[in-house]
>>> print(open('query-v2.txt').read())   # compact mmCIF, N, CA and C atoms
# COMPACT_ATOMS: atom_id res chain seq x y z
N VAL A 1 -14.48 -13.16 21.32
CA VAL A 1 -13.53 -12.72 20.30
C VAL A 1 -12.14 -13.22 20.67
N GLN A 2 -11.42 -13.67 19.66
CA GLN A 2 -10.07 -14.18 19.89
C GLN A 2 -9.16 -13.67 18.78
N LEU A 3 -7.97 -13.20 19.17
CA LEU A 3 -6.93 -12.82 18.24
C LEU A 3 -5.77 -13.79 18.43
N GLN A 4 -5.42 -14.50 17.39
CA GLN A 4 -4.37 -15.49 17.45
C GLN A 4 -3.18 -15.02 16.63
N ALA A 5 -2.08 -14.69 17.32
CA ALA A 5 -0.87 -14.22 16.66
C ALA A 5 0.10 -15.38 16.49
N SER A 6 0.86 -15.33 15.42
CA SER A 6 1.86 -16.37 15.16
C SER A 6 2.99 -15.78 14.33
N GLY A 7 4.07 -16.53 14.22
CA GLY A 7 5.16 -16.15 13.35
C GLY A 7 6.41 -15.64 14.06
N GLY A 8 6.34 -15.49 15.36
CA GLY A 8 7.52 -15.03 16.08
C GLY A 8 8.59 -16.12 16.14
N GLY A 9 9.76 -15.73 16.62
CA GLY A 9 10.83 -16.71 16.72
C GLY A 9 12.16 -16.03 16.95
N VAL A 10 13.21 -16.79 16.75
CA VAL A 10 14.58 -16.29 16.91
C VAL A 10 15.21 -16.17 15.53
N VAL A 11 15.79 -15.02 15.26
CA VAL A 11 16.40 -14.78 13.96
C VAL A 11 17.68 -13.97 14.16
N GLN A 12 18.62 -14.14 13.27
CA GLN A 12 19.85 -13.36 13.35
C GLN A 12 19.62 -11.95 12.82
N ALA A 13 20.41 -11.04 13.28
CA ALA A 13 20.33 -9.66 12.80
C ALA A 13 20.47 -9.64 11.28
N GLY A 14 19.63 -8.83 10.65
CA GLY A 14 19.59 -8.76 9.20
C GLY A 14 18.58 -9.70 8.57
N GLY A 15 18.03 -10.59 9.38
CA GLY A 15 17.06 -11.56 8.87
C GLY A 15 15.65 -11.00 8.81
N SER A 16 14.71 -11.89 8.47
CA SER A 16 13.32 -11.49 8.29
C SER A 16 12.39 -12.44 9.02
N LEU A 17 11.25 -11.89 9.41
CA LEU A 17 10.15 -12.68 9.97
C LEU A 17 8.84 -12.08 9.48
N ARG A 18 7.81 -12.92 9.43
CA ARG A 18 6.48 -12.43 9.09
C ARG A 18 5.51 -12.86 10.18
N LEU A 19 4.91 -11.88 10.81
CA LEU A 19 3.91 -12.15 11.84
C LEU A 19 2.51 -12.13 11.22
N SER A 20 1.65 -13.00 11.75
CA SER A 20 0.26 -13.04 11.32
C SER A 20 -0.64 -12.98 12.54
N CYS A 21 -1.82 -12.41 12.38
CA CYS A 21 -2.79 -12.36 13.47
C CYS A 21 -4.18 -12.52 12.87
N VAL A 22 -4.87 -13.55 13.32
CA VAL A 22 -6.22 -13.83 12.83
C VAL A 22 -7.23 -13.51 13.93
N ALA A 23 -8.22 -12.69 13.59
CA ALA A 23 -9.28 -12.34 14.52
C ALA A 23 -10.51 -13.19 14.22
N SER A 24 -11.13 -13.71 15.27
CA SER A 24 -12.30 -14.55 15.07
C SER A 24 -13.32 -14.33 16.18
N GLY A 25 -14.56 -14.76 15.93
CA GLY A 25 -15.58 -14.69 16.95
C GLY A 25 -16.31 -13.38 17.04
N GLY A 26 -16.14 -12.52 16.05
CA GLY A 26 -16.83 -11.24 16.08
C GLY A 26 -16.96 -10.67 14.69
N ALA A 27 -17.56 -9.51 14.62
CA ALA A 27 -17.71 -8.80 13.34
C ALA A 27 -16.70 -7.66 13.31
N PHE A 28 -15.86 -7.66 12.30
CA PHE A 28 -14.79 -6.67 12.22
C PHE A 28 -14.95 -5.85 10.94
N SER A 29 -15.14 -4.55 11.09
CA SER A 29 -15.25 -3.68 9.93
C SER A 29 -15.00 -2.25 10.36
N GLY A 30 -14.55 -1.44 9.44
CA GLY A 30 -14.33 -0.04 9.74
C GLY A 30 -13.41 0.20 10.91
N ASP A 31 -12.39 -0.63 11.02
CA ASP A 31 -11.52 -0.55 12.20
C ASP A 31 -10.07 -0.36 11.82
N ILE A 32 -9.23 -0.35 12.85
CA ILE A 32 -7.79 -0.20 12.70
C ILE A 32 -7.13 -1.45 13.29
N ALA A 33 -6.34 -2.12 12.47
CA ALA A 33 -5.57 -3.27 12.95
C ALA A 33 -4.11 -2.86 13.10
N GLY A 34 -3.46 -3.39 14.10
CA GLY A 34 -2.10 -2.94 14.30
C GLY A 34 -1.24 -3.92 15.06
N TRP A 35 0.03 -3.61 15.06
CA TRP A 35 1.02 -4.36 15.83
C TRP A 35 1.71 -3.40 16.79
N TYR A 36 1.87 -3.87 18.00
CA TYR A 36 2.57 -3.14 19.05
C TYR A 36 3.63 -4.06 19.63
N ARG A 37 4.63 -3.48 20.26
CA ARG A 37 5.65 -4.31 20.86
C ARG A 37 6.06 -3.78 22.22
N GLN A 38 6.52 -4.72 23.04
CA GLN A 38 6.95 -4.35 24.38
C GLN A 38 8.21 -5.13 24.73
N ALA A 39 9.28 -4.39 24.94
CA ALA A 39 10.55 -4.97 25.37
C ALA A 39 10.58 -5.01 26.89
N PRO A 40 11.40 -5.87 27.47
CA PRO A 40 11.46 -5.97 28.94
C PRO A 40 11.77 -4.63 29.59
N GLY A 41 10.96 -4.25 30.56
CA GLY A 41 11.18 -3.02 31.28
C GLY A 41 10.75 -1.76 30.56
N LYS A 42 10.12 -1.91 29.40
CA LYS A 42 9.70 -0.75 28.62
C LYS A 42 8.20 -0.77 28.40
N GLN A 43 7.67 0.36 27.96
CA GLN A 43 6.24 0.44 27.69
C GLN A 43 5.93 -0.19 26.34
N ARG A 44 4.65 -0.48 26.14
CA ARG A 44 4.21 -1.02 24.88
C ARG A 44 4.10 0.12 23.86
N ASP A 45 4.74 -0.04 22.72
CA ASP A 45 4.77 0.99 21.69
C ASP A 45 4.13 0.52 20.40
N MET A 46 3.56 1.45 19.68
CA MET A 46 2.99 1.15 18.37
C MET A 46 4.12 0.88 17.38
N VAL A 47 3.96 -0.17 16.59
CA VAL A 47 4.90 -0.48 15.52
C VAL A 47 4.32 -0.05 14.18
N ALA A 48 3.10 -0.50 13.92
CA ALA A 48 2.45 -0.19 12.65
C ALA A 48 0.95 -0.44 12.77
N THR A 49 0.17 0.37 12.07
CA THR A 49 -1.27 0.17 12.02
C THR A 49 -1.75 0.30 10.58
N VAL A 50 -2.91 -0.31 10.33
CA VAL A 50 -3.53 -0.22 9.00
C VAL A 50 -5.04 -0.18 9.18
N THR A 51 -5.68 0.76 8.50
CA THR A 51 -7.13 0.84 8.58
C THR A 51 -7.75 -0.20 7.65
N SER A 52 -9.05 -0.40 7.80
CA SER A 52 -9.73 -1.34 6.91
C SER A 52 -9.70 -0.85 5.47
N GLY A 53 -9.47 0.44 5.28
CA GLY A 53 -9.35 0.99 3.93
C GLY A 53 -7.94 0.97 3.39
N GLY A 54 -6.98 0.47 4.20
CA GLY A 54 -5.62 0.30 3.72
C GLY A 54 -4.66 1.43 4.02
N ILE A 55 -5.06 2.39 4.82
CA ILE A 55 -4.16 3.48 5.19
C ILE A 55 -3.25 3.01 6.31
N THR A 56 -1.95 3.16 6.12
CA THR A 56 -0.98 2.65 7.09
C THR A 56 -0.29 3.78 7.86
N ASN A 57 0.18 3.41 9.03
CA ASN A 57 0.98 4.30 9.86
C ASN A 57 2.12 3.46 10.42
N ILE A 58 3.35 3.87 10.16
CA ILE A 58 4.52 3.09 10.53
C ILE A 58 5.39 3.91 11.49
N ALA A 59 5.84 3.28 12.55
CA ALA A 59 6.72 3.96 13.49
C ALA A 59 8.04 4.32 12.80
N ASP A 60 8.61 5.44 13.17
CA ASP A 60 9.86 5.89 12.57
C ASP A 60 10.97 4.85 12.73
N SER A 61 10.97 4.17 13.85
CA SER A 61 12.04 3.23 14.16
C SER A 61 12.07 2.02 13.23
N VAL A 62 10.96 1.75 12.54
CA VAL A 62 10.90 0.58 11.66
C VAL A 62 10.57 0.97 10.22
N GLU A 63 10.42 2.26 9.98
CA GLU A 63 10.10 2.72 8.62
C GLU A 63 11.15 2.24 7.64
N GLY A 64 10.66 1.71 6.51
CA GLY A 64 11.58 1.20 5.49
C GLY A 64 12.00 -0.23 5.70
N ARG A 65 11.72 -0.79 6.89
CA ARG A 65 12.10 -2.18 7.16
C ARG A 65 10.88 -3.07 7.38
N PHE A 66 9.84 -2.52 7.98
CA PHE A 66 8.63 -3.28 8.28
C PHE A 66 7.49 -2.83 7.38
N THR A 67 6.64 -3.77 7.02
CA THR A 67 5.45 -3.49 6.22
C THR A 67 4.24 -4.16 6.86
N ILE A 68 3.16 -3.40 6.98
CA ILE A 68 1.93 -3.96 7.52
C ILE A 68 0.91 -4.10 6.41
N SER A 69 0.13 -5.15 6.48
CA SER A 69 -0.94 -5.36 5.50
C SER A 69 -2.07 -6.14 6.17
N ARG A 70 -3.21 -6.17 5.53
CA ARG A 70 -4.34 -6.91 6.10
C ARG A 70 -5.20 -7.50 5.01
N ASN A 71 -5.89 -8.55 5.37
CA ASN A 71 -6.87 -9.18 4.49
C ASN A 71 -8.22 -9.06 5.21
N ASN A 72 -9.04 -8.14 4.76
CA ASN A 72 -10.31 -7.89 5.44
C ASN A 72 -11.24 -9.09 5.39
N ALA A 73 -11.24 -9.80 4.28
CA ALA A 73 -12.14 -10.95 4.14
C ALA A 73 -11.80 -12.05 5.14
N GLU A 74 -10.52 -12.13 5.52
CA GLU A 74 -10.08 -13.19 6.44
C GLU A 74 -9.77 -12.65 7.84
N ASN A 75 -10.08 -11.35 8.07
CA ASN A 75 -9.83 -10.74 9.38
C ASN A 75 -8.41 -11.01 9.87
N THR A 76 -7.47 -10.80 8.99
CA THR A 76 -6.07 -11.11 9.29
C THR A 76 -5.20 -9.88 9.03
N VAL A 77 -4.25 -9.67 9.92
CA VAL A 77 -3.27 -8.59 9.74
C VAL A 77 -1.88 -9.22 9.78
N TYR A 78 -1.00 -8.69 8.94
CA TYR A 78 0.36 -9.21 8.81
C TYR A 78 1.37 -8.12 9.12
N LEU A 79 2.54 -8.55 9.56
CA LEU A 79 3.67 -7.64 9.73
C LEU A 79 4.90 -8.32 9.13
N GLN A 80 5.35 -7.80 8.01
CA GLN A 80 6.58 -8.29 7.40
C GLN A 80 7.73 -7.49 7.94
N MET A 81 8.67 -8.19 8.56
CA MET A 81 9.79 -7.52 9.22
C MET A 81 11.09 -7.94 8.52
N ASN A 82 11.75 -6.99 7.92
CA ASN A 82 13.02 -7.23 7.23
C ASN A 82 14.14 -6.46 7.91
N SER A 83 15.35 -6.85 7.60
CA SER A 83 16.54 -6.18 8.15
C SER A 83 16.42 -6.01 9.66
N LEU A 84 16.08 -7.08 10.33
CA LEU A 84 15.85 -7.02 11.77
C LEU A 84 17.12 -6.67 12.52
N LYS A 85 16.91 -5.92 13.61
CA LYS A 85 18.00 -5.48 14.46
C LYS A 85 17.78 -6.02 15.88
N ALA A 86 18.85 -6.03 16.65
CA ALA A 86 18.74 -6.51 18.03
C ALA A 86 17.69 -5.71 18.81
N GLU A 87 17.59 -4.43 18.51
CA GLU A 87 16.63 -3.59 19.23
C GLU A 87 15.18 -3.84 18.85
N ASP A 88 14.95 -4.70 17.87
CA ASP A 88 13.58 -5.11 17.53
C ASP A 88 13.10 -6.24 18.44
N THR A 89 13.98 -6.77 19.27
CA THR A 89 13.61 -7.85 20.18
C THR A 89 12.54 -7.37 21.16
N ALA A 90 11.42 -8.08 21.20
CA ALA A 90 10.29 -7.70 22.04
C ALA A 90 9.19 -8.74 21.90
N VAL A 91 8.18 -8.61 22.73
CA VAL A 91 6.94 -9.35 22.51
C VAL A 91 6.04 -8.48 21.63
N TYR A 92 5.56 -9.05 20.56
CA TYR A 92 4.73 -8.32 19.61
C TYR A 92 3.26 -8.71 19.81
N TYR A 93 2.42 -7.69 19.92
CA TYR A 93 1.00 -7.90 20.15
C TYR A 93 0.19 -7.34 18.98
N CYS A 94 -0.81 -8.09 18.55
CA CYS A 94 -1.70 -7.55 17.53
C CYS A 94 -2.94 -6.95 18.21
N ASN A 95 -3.56 -6.05 17.49
CA ASN A 95 -4.70 -5.31 18.05
C ASN A 95 -5.68 -4.97 16.95
N PHE A 96 -6.96 -5.12 17.26
CA PHE A 96 -8.03 -4.65 16.38
C PHE A 96 -8.88 -3.69 17.21
N LYS A 97 -9.07 -2.48 16.74
CA LYS A 97 -9.90 -1.55 17.48
C LYS A 97 -10.76 -0.71 16.54
N ARG A 98 -11.92 -0.37 17.06
CA ARG A 98 -12.84 0.47 16.32
C ARG A 98 -13.17 1.65 17.23
N VAL A 99 -12.96 2.85 16.72
CA VAL A 99 -13.05 4.03 17.59
C VAL A 99 -14.40 4.69 17.55
N TRP A 100 -15.32 4.17 16.75
CA TRP A 100 -16.69 4.68 16.77
C TRP A 100 -17.64 3.51 16.97
N ALA A 101 -18.89 3.82 17.31
CA ALA A 101 -19.84 2.79 17.69
C ALA A 101 -20.09 1.82 16.54
N PRO A 102 -20.20 0.53 16.82
CA PRO A 102 -19.90 -0.12 18.09
C PRO A 102 -18.39 -0.24 18.31
N ARG A 103 -17.95 0.36 19.41
CA ARG A 103 -16.52 0.38 19.71
C ARG A 103 -16.04 -1.00 20.15
N TYR A 104 -14.78 -1.29 19.86
CA TYR A 104 -14.12 -2.45 20.43
C TYR A 104 -12.62 -2.23 20.43
N ASN A 105 -11.96 -3.01 21.24
CA ASN A 105 -10.50 -2.92 21.36
C ASN A 105 -10.00 -4.27 21.84
N TYR A 106 -9.53 -5.09 20.91
CA TYR A 106 -9.13 -6.45 21.22
C TYR A 106 -7.63 -6.63 21.03
N TRP A 107 -7.02 -7.42 21.93
CA TRP A 107 -5.58 -7.70 21.88
C TRP A 107 -5.32 -9.19 21.72
N GLY A 108 -4.27 -9.51 20.98
CA GLY A 108 -3.80 -10.87 20.90
C GLY A 108 -2.91 -11.20 22.08
N GLN A 109 -2.47 -12.45 22.14
CA GLN A 109 -1.73 -12.93 23.31
C GLN A 109 -0.26 -12.59 23.27
N GLY A 110 0.24 -12.10 22.15
CA GLY A 110 1.66 -11.75 22.06
C GLY A 110 2.49 -12.88 21.49
N THR A 111 3.46 -12.51 20.69
CA THR A 111 4.41 -13.49 20.14
C THR A 111 5.82 -12.92 20.28
N GLN A 112 6.73 -13.74 20.76
CA GLN A 112 8.09 -13.29 21.04
C GLN A 112 8.92 -13.23 19.77
N VAL A 113 9.59 -12.12 19.58
CA VAL A 113 10.57 -11.97 18.50
C VAL A 113 11.91 -11.67 19.15
N THR A 114 12.89 -12.50 18.85
CA THR A 114 14.23 -12.33 19.40
C THR A 114 15.22 -12.25 18.24
N VAL A 115 15.96 -11.15 18.22
CA VAL A 115 16.95 -10.93 17.17
C VAL A 115 18.33 -11.02 17.80
N SER A 116 19.11 -11.96 17.36
CA SER A 116 20.45 -12.15 17.91
C SER A 116 21.47 -11.40 17.06
N SER A 117 22.38 -10.77 17.75
CA SER A 117 23.39 -9.96 17.03
C SER A 117 24.68 -10.75 16.85
>>> encode(input="query-v2.txt", output="structure tokens")
Amino acid sequence: VQLQASGGGVVQAGGSLRLSCVASGGAFSGDIAGWYRQAPGKQRDMVATVTSGGITNIADSVEGRFTISRNNAENTVYLQMNSLKAEDTAVYYCNFKRVWAPRYNYWGQGTQVTVSS
């Protein structure tokens, strides 16, 4: 199984980026796809998750600015990030996990997002 994340980069404060993550090499259904981020010296935190049925959960810190979506047919999850702030700077990781049998928990390699103020 491989999760390939893309779309990170350097953007000025107030700008936008769209992250994509494609999962391949396995069967994905009935799961939760999400984005997490980790800034230097800090723990990895949840940014947003979306179930295969489309139910989303957004962290308070990005509510109203970030939107998560997924395409089940293409095993892809997206994170649209608007009104970016310097504090959004981090490595962003995508994740696909299934909490019931057959369980799985896969992580992407991370993509750097840097917001300059």
>>> closest_residue(input="query-v2.txt", among="A:Ala39, A:Val113, A:Ile32, A:Cys21", to="A:Val99", atoms="only C-alpha atoms")
A:Ile32
>>> axis_aligned_box(input="query-v2.txt", around="stretch 68-83 of chain A", padding_each_side="8 Å", output="AutoDock Vina command-line options")
--center_x 2.2 --center_y -8.3 --center_z 7.0 --size_x 44.7 --size_y 25.8 --size_z 21.8
>>> select_by_dssp(input="query-v2.txt", residues="stretch 67-110 of chain A", states="helix (DSSP H, G or I)", output="list in words")
Asn72, Ala73, Glu74, Ala86, Glu87 and Asp88 of chain A
>>> residues_around(input="query-v2.txt", residues="stretch 77-90 of chain A", least_positions_apart="4", cutoff="6.5 Å", atoms="all atoms listed in the file", output="ChimeraX atom specification")
/A:12-23,37-40,65-71,111-117
>>> atom_distance(input="query-v2.txt", atom1="atom CA of A:Asn75", atom2="atom CA of A:Gln109")
16.3 Å
>>> select_by_dssp(input="query-v2.txt", residues="chain A", states="strand (DSSP E)", output="CSV table (one decimal) with N, CA and C atoms, in the coordinates of the input")
chain,number,residue,atom,x,y,z
A,2,GLN,N,-11.4,-13.7,19.7
A,2,GLN,CA,-10.1,-14.2,19.9
A,2,GLN,C,-9.2,-13.7,18.8
A,3,LEU,N,-8.0,-13.2,19.2
A,3,LEU,CA,-6.9,-12.8,18.2
A,3,LEU,C,-5.8,-13.8,18.4
A,4,GLN,N,-5.4,-14.5,17.4
A,4,GLN,CA,-4.4,-15.5,17.4
A,4,GLN,C,-3.2,-15.0,16.6
A,5,ALA,N,-2.1,-14.7,17.3
A,5,ALA,CA,-0.9,-14.2,16.7
A,5,ALA,C,0.1,-15.4,16.5
A,6,SER,N,0.9,-15.3,15.4
A,6,SER,CA,1.9,-16.4,15.2
A,6,SER,C,3.0,-15.8,14.3
A,9,GLY,N,9.8,-15.7,16.6
A,9,GLY,CA,10.8,-16.7,16.7
A,9,GLY,C,12.2,-16.0,17.0
A,10,VAL,N,13.2,-16.8,16.8
A,10,VAL,CA,14.6,-16.3,16.9
A,10,VAL,C,15.2,-16.2,15.5
A,11,VAL,N,15.8,-15.0,15.3
A,11,VAL,CA,16.4,-14.8,14.0
A,11,VAL,C,17.7,-14.0,14.2
A,12,GLN,N,18.6,-14.1,13.3
A,12,GLN,CA,19.8,-13.4,13.4
A,12,GLN,C,19.6,-12.0,12.8
A,17,LEU,N,11.2,-11.9,9.4
A,17,LEU,CA,10.2,-12.7,10.0
A,17,LEU,C,8.8,-12.1,9.5
A,18,ARG,N,7.8,-12.9,9.4
A,18,ARG,CA,6.5,-12.4,9.1
A,18,ARG,C,5.5,-12.9,10.2
A,19,LEU,N,4.9,-11.9,10.8
A,19,LEU,CA,3.9,-12.2,11.8
A,19,LEU,C,2.5,-12.1,11.2
A,20,SER,N,1.6,-13.0,11.8
A,20,SER,CA,0.3,-13.0,11.3
A,20,SER,C,-0.6,-13.0,12.5
A,21,CYS,N,-1.8,-12.4,12.4
A,21,CYS,CA,-2.8,-12.4,13.5
A,21,CYS,C,-4.2,-12.5,12.9
A,22,VAL,N,-4.9,-13.6,13.3
A,22,VAL,CA,-6.2,-13.8,12.8
A,22,VAL,C,-7.2,-13.5,13.9
A,23,ALA,N,-8.2,-12.7,13.6
A,23,ALA,CA,-9.3,-12.3,14.5
A,23,ALA,C,-10.5,-13.2,14.2
A,24,SER,N,-11.1,-13.7,15.3
A,24,SER,CA,-12.3,-14.6,15.1
A,24,SER,C,-13.3,-14.3,16.2
A,32,ILE,N,-9.2,-0.4,12.8
A,32,ILE,CA,-7.8,-0.2,12.7
A,32,ILE,C,-7.1,-1.4,13.3
A,33,ALA,N,-6.3,-2.1,12.5
A,33,ALA,CA,-5.6,-3.3,13.0
A,33,ALA,C,-4.1,-2.9,13.1
A,34,GLY,N,-3.5,-3.4,14.1
A,34,GLY,CA,-2.1,-2.9,14.3
A,34,GLY,C,-1.2,-3.9,15.1
A,35,TRP,N,0.0,-3.6,15.1
A,35,TRP,CA,1.0,-4.4,15.8
A,35,TRP,C,1.7,-3.4,16.8
A,36,TYR,N,1.9,-3.9,18.0
A,36,TYR,CA,2.6,-3.1,19.0
A,36,TYR,C,3.6,-4.1,19.6
A,37,ARG,N,4.6,-3.5,20.3
A,37,ARG,CA,5.6,-4.3,20.9
A,37,ARG,C,6.1,-3.8,22.2
A,38,GLN,N,6.5,-4.7,23.0
A,38,GLN,CA,7.0,-4.4,24.4
A,38,GLN,C,8.2,-5.1,24.7
A,45,ASP,N,4.7,0.0,22.7
A,45,ASP,CA,4.8,1.0,21.7
A,45,ASP,C,4.1,0.5,20.4
A,46,MET,N,3.6,1.4,19.7
A,46,MET,CA,3.0,1.2,18.4
A,46,MET,C,4.1,0.9,17.4
A,47,VAL,N,4.0,-0.2,16.6
A,47,VAL,CA,4.9,-0.5,15.5
A,47,VAL,C,4.3,0.0,14.2
A,48,ALA,N,3.1,-0.5,13.9
A,48,ALA,CA,2.4,-0.2,12.6
A,48,ALA,C,1.0,-0.4,12.8
A,49,THR,N,0.2,0.4,12.1
A,49,THR,CA,-1.3,0.2,12.0
A,49,THR,C,-1.8,0.3,10.6
A,50,VAL,N,-2.9,-0.3,10.3
A,50,VAL,CA,-3.5,-0.2,9.0
A,50,VAL,C,-5.0,-0.2,9.2
A,51,THR,N,-5.7,0.8,8.5
A,51,THR,CA,-7.1,0.8,8.6
A,51,THR,C,-7.8,-0.2,7.6
A,56,THR,N,-2.0,3.2,6.1
A,56,THR,CA,-1.0,2.6,7.1
A,56,THR,C,-0.3,3.8,7.9
A,57,ASN,N,0.2,3.4,9.0
A,57,ASN,CA,1.0,4.3,9.9
A,57,ASN,C,2.1,3.5,10.4
A,58,ILE,N,3.4,3.9,10.2
A,58,ILE,CA,4.5,3.1,10.5
A,58,ILE,C,5.4,3.9,11.5
A,66,PHE,N,9.8,-2.5,8.0
A,66,PHE,CA,8.6,-3.3,8.3
A,66,PHE,C,7.5,-2.8,7.4
A,67,THR,N,6.6,-3.8,7.0
A,67,THR,CA,5.4,-3.5,6.2
A,67,THR,C,4.2,-4.2,6.9
A,68,ILE,N,3.2,-3.4,7.0
A,68,ILE,CA,1.9,-4.0,7.5
A,68,ILE,C,0.9,-4.1,6.4
A,69,SER,N,0.1,-5.2,6.5
A,69,SER,CA,-0.9,-5.4,5.5
A,69,SER,C,-2.1,-6.1,6.2
A,70,ARG,N,-3.2,-6.2,5.5
A,70,ARG,CA,-4.3,-6.9,6.1
A,70,ARG,C,-5.2,-7.5,5.0
A,71,ASN,N,-5.9,-8.6,5.4
A,71,ASN,CA,-6.9,-9.2,4.5
A,71,ASN,C,-8.2,-9.1,5.2
A,76,THR,N,-7.5,-10.8,9.0
A,76,THR,CA,-6.1,-11.1,9.3
A,76,THR,C,-5.2,-9.9,9.0
A,77,VAL,N,-4.2,-9.7,9.9
A,77,VAL,CA,-3.3,-8.6,9.7
A,77,VAL,C,-1.9,-9.2,9.8
A,78,TYR,N,-1.0,-8.7,8.9
A,78,TYR,CA,0.4,-9.2,8.8
A,78,TYR,C,1.4,-8.1,9.1
A,79,LEU,N,2.5,-8.6,9.6
A,79,LEU,CA,3.7,-7.6,9.7
A,79,LEU,C,4.9,-8.3,9.1
A,80,GLN,N,5.4,-7.8,8.0
A,80,GLN,CA,6.6,-8.3,7.4
A,80,GLN,C,7.7,-7.5,7.9
A,81,MET,N,8.7,-8.2,8.6
A,81,MET,CA,9.8,-7.5,9.2
A,81,MET,C,11.1,-7.9,8.5
A,90,ALA,N,11.4,-8.1,21.2
A,90,ALA,CA,10.3,-7.7,22.0
A,90,ALA,C,9.2,-8.7,21.9
A,91,VAL,N,8.2,-8.6,22.7
A,91,VAL,CA,6.9,-9.4,22.5
A,91,VAL,C,6.0,-8.5,21.6
A,92,TYR,N,5.6,-9.0,20.6
A,92,TYR,CA,4.7,-8.3,19.6
A,92,TYR,C,3.3,-8.7,19.8
A,93,TYR,N,2.4,-7.7,19.9
A,93,TYR,CA,1.0,-7.9,20.2
A,93,TYR,C,0.2,-7.3,19.0
A,94,CYS,N,-0.8,-8.1,18.6
A,94,CYS,CA,-1.7,-7.6,17.5
A,94,CYS,C,-2.9,-7.0,18.2
A,95,ASN,N,-3.6,-6.0,17.5
A,95,ASN,CA,-4.7,-5.3,18.0
A,95,ASN,C,-5.7,-5.0,17.0
A,96,PHE,N,-7.0,-5.1,17.3
A,96,PHE,CA,-8.0,-4.6,16.4
A,96,PHE,C,-8.9,-3.7,17.2
A,97,LYS,N,-9.1,-2.5,16.7
A,97,LYS,CA,-9.9,-1.6,17.5
A,97,LYS,C,-10.8,-0.7,16.5
A,98,ARG,N,-11.9,-0.4,17.1
A,98,ARG,CA,-12.8,0.5,16.3
A,98,ARG,C,-13.2,1.6,17.2
A,104,TYR,N,-14.8,-1.3,19.9
A,104,TYR,CA,-14.1,-2.4,20.4
A,104,TYR,C,-12.6,-2.2,20.4
A,105,ASN,N,-12.0,-3.0,21.2
A,105,ASN,CA,-10.5,-2.9,21.4
A,105,ASN,C,-10.0,-4.3,21.8
A,106,TYR,N,-9.5,-5.1,20.9
A,106,TYR,CA,-9.1,-6.4,21.2
A,106,TYR,C,-7.6,-6.6,21.0
A,107,TRP,N,-7.0,-7.4,21.9
A,107,TRP,CA,-5.6,-7.7,21.9
A,107,TRP,C,-5.3,-9.2,21.7
A,111,THR,N,3.5,-12.5,20.7
A,111,THR,CA,4.4,-13.5,20.1
A,111,THR,C,5.8,-12.9,20.3
A,112,GLN,N,6.7,-13.7,20.8
A,112,GLN,CA,8.1,-13.3,21.0
A,112,GLN,C,8.9,-13.2,19.8
A,113,VAL,N,9.6,-12.1,19.6
A,113,VAL,CA,10.6,-12.0,18.5
A,113,VAL,C,11.9,-11.7,19.2
A,114,THR,N,12.9,-12.5,18.8
A,114,THR,CA,14.2,-12.3,19.4
A,114,THR,C,15.2,-12.2,18.2
A,115,VAL,N,16.0,-11.2,18.2
A,115,VAL,CA,17.0,-10.9,17.2
A,115,VAL,C,18.3,-11.0,17.8
A,116,SER,N,19.1,-12.0,17.4
A,116,SER,CA,20.4,-12.2,17.9
A,116,SER,C,21.5,-11.4,17.1
>>> atom_distance(input="query-v2.txt", atom1="atom N of A:Gly8", atom2="atom N of A:Val62")
18.1 Å
>>> residues_around(input="query-v2.txt", residues="A:Lys97", least_positions_apart="3", cutoff="6.5 Å", atoms="only N, CA and C atoms", output="list of chain:residue names")
A:Gly30, A:Asp31, A:Ile32, A:Ala33, A:Gly34, A:Arg103, A:Tyr104, A:Asn105, A:Tyr106
>>> write_last_selection(input="query-v2.txt", atoms="N, CA and C atoms", output="short mmCIF file (atom, residue, chain, number, x, y, z; two decimals), in the coordinates of the input")
data_model
loop_
_atom_site.label_atom_id
_atom_site.label_comp_id
_atom_site.auth_asym_id
_atom_site.auth_seq_id
_atom_site.Cartn_x
_atom_site.Cartn_y
_atom_site.Cartn_z
N GLY A 30 -14.55 -1.44 9.44
CA GLY A 30 -14.33 -0.04 9.74
C GLY A 30 -13.41 0.20 10.91
N ASP A 31 -12.39 -0.63 11.02
CA ASP A 31 -11.52 -0.55 12.20
C ASP A 31 -10.07 -0.36 11.82
N ILE A 32 -9.23 -0.35 12.85
CA ILE A 32 -7.79 -0.20 12.70
C ILE A 32 -7.13 -1.45 13.29
N ALA A 33 -6.34 -2.12 12.47
CA ALA A 33 -5.57 -3.27 12.95
C ALA A 33 -4.11 -2.86 13.10
N GLY A 34 -3.46 -3.39 14.10
CA GLY A 34 -2.10 -2.94 14.30
C GLY A 34 -1.24 -3.92 15.06
N ARG A 103 -17.95 0.36 19.41
CA ARG A 103 -16.52 0.38 19.71
C ARG A 103 -16.04 -1.00 20.15
N TYR A 104 -14.78 -1.29 19.86
CA TYR A 104 -14.12 -2.45 20.43
C TYR A 104 -12.62 -2.23 20.43
N ASN A 105 -11.96 -3.01 21.24
CA ASN A 105 -10.50 -2.92 21.36
C ASN A 105 -10.00 -4.27 21.84
N TYR A 106 -9.53 -5.09 20.91
CA TYR A 106 -9.13 -6.45 21.22
C TYR A 106 -7.63 -6.63 21.03
#
>>> atom_distance(input="query-v2.txt", atom1="atom CA of A:Pro102", atom2="atom C of A:Gly54")
20.8 Å
>>> closest_residue(input="query-v2.txt", among="A:Gln2, A:Ser24, A:Ser61, A:Thr76", to="A:Ala48", atoms="only C-alpha atoms")
A:Ser61
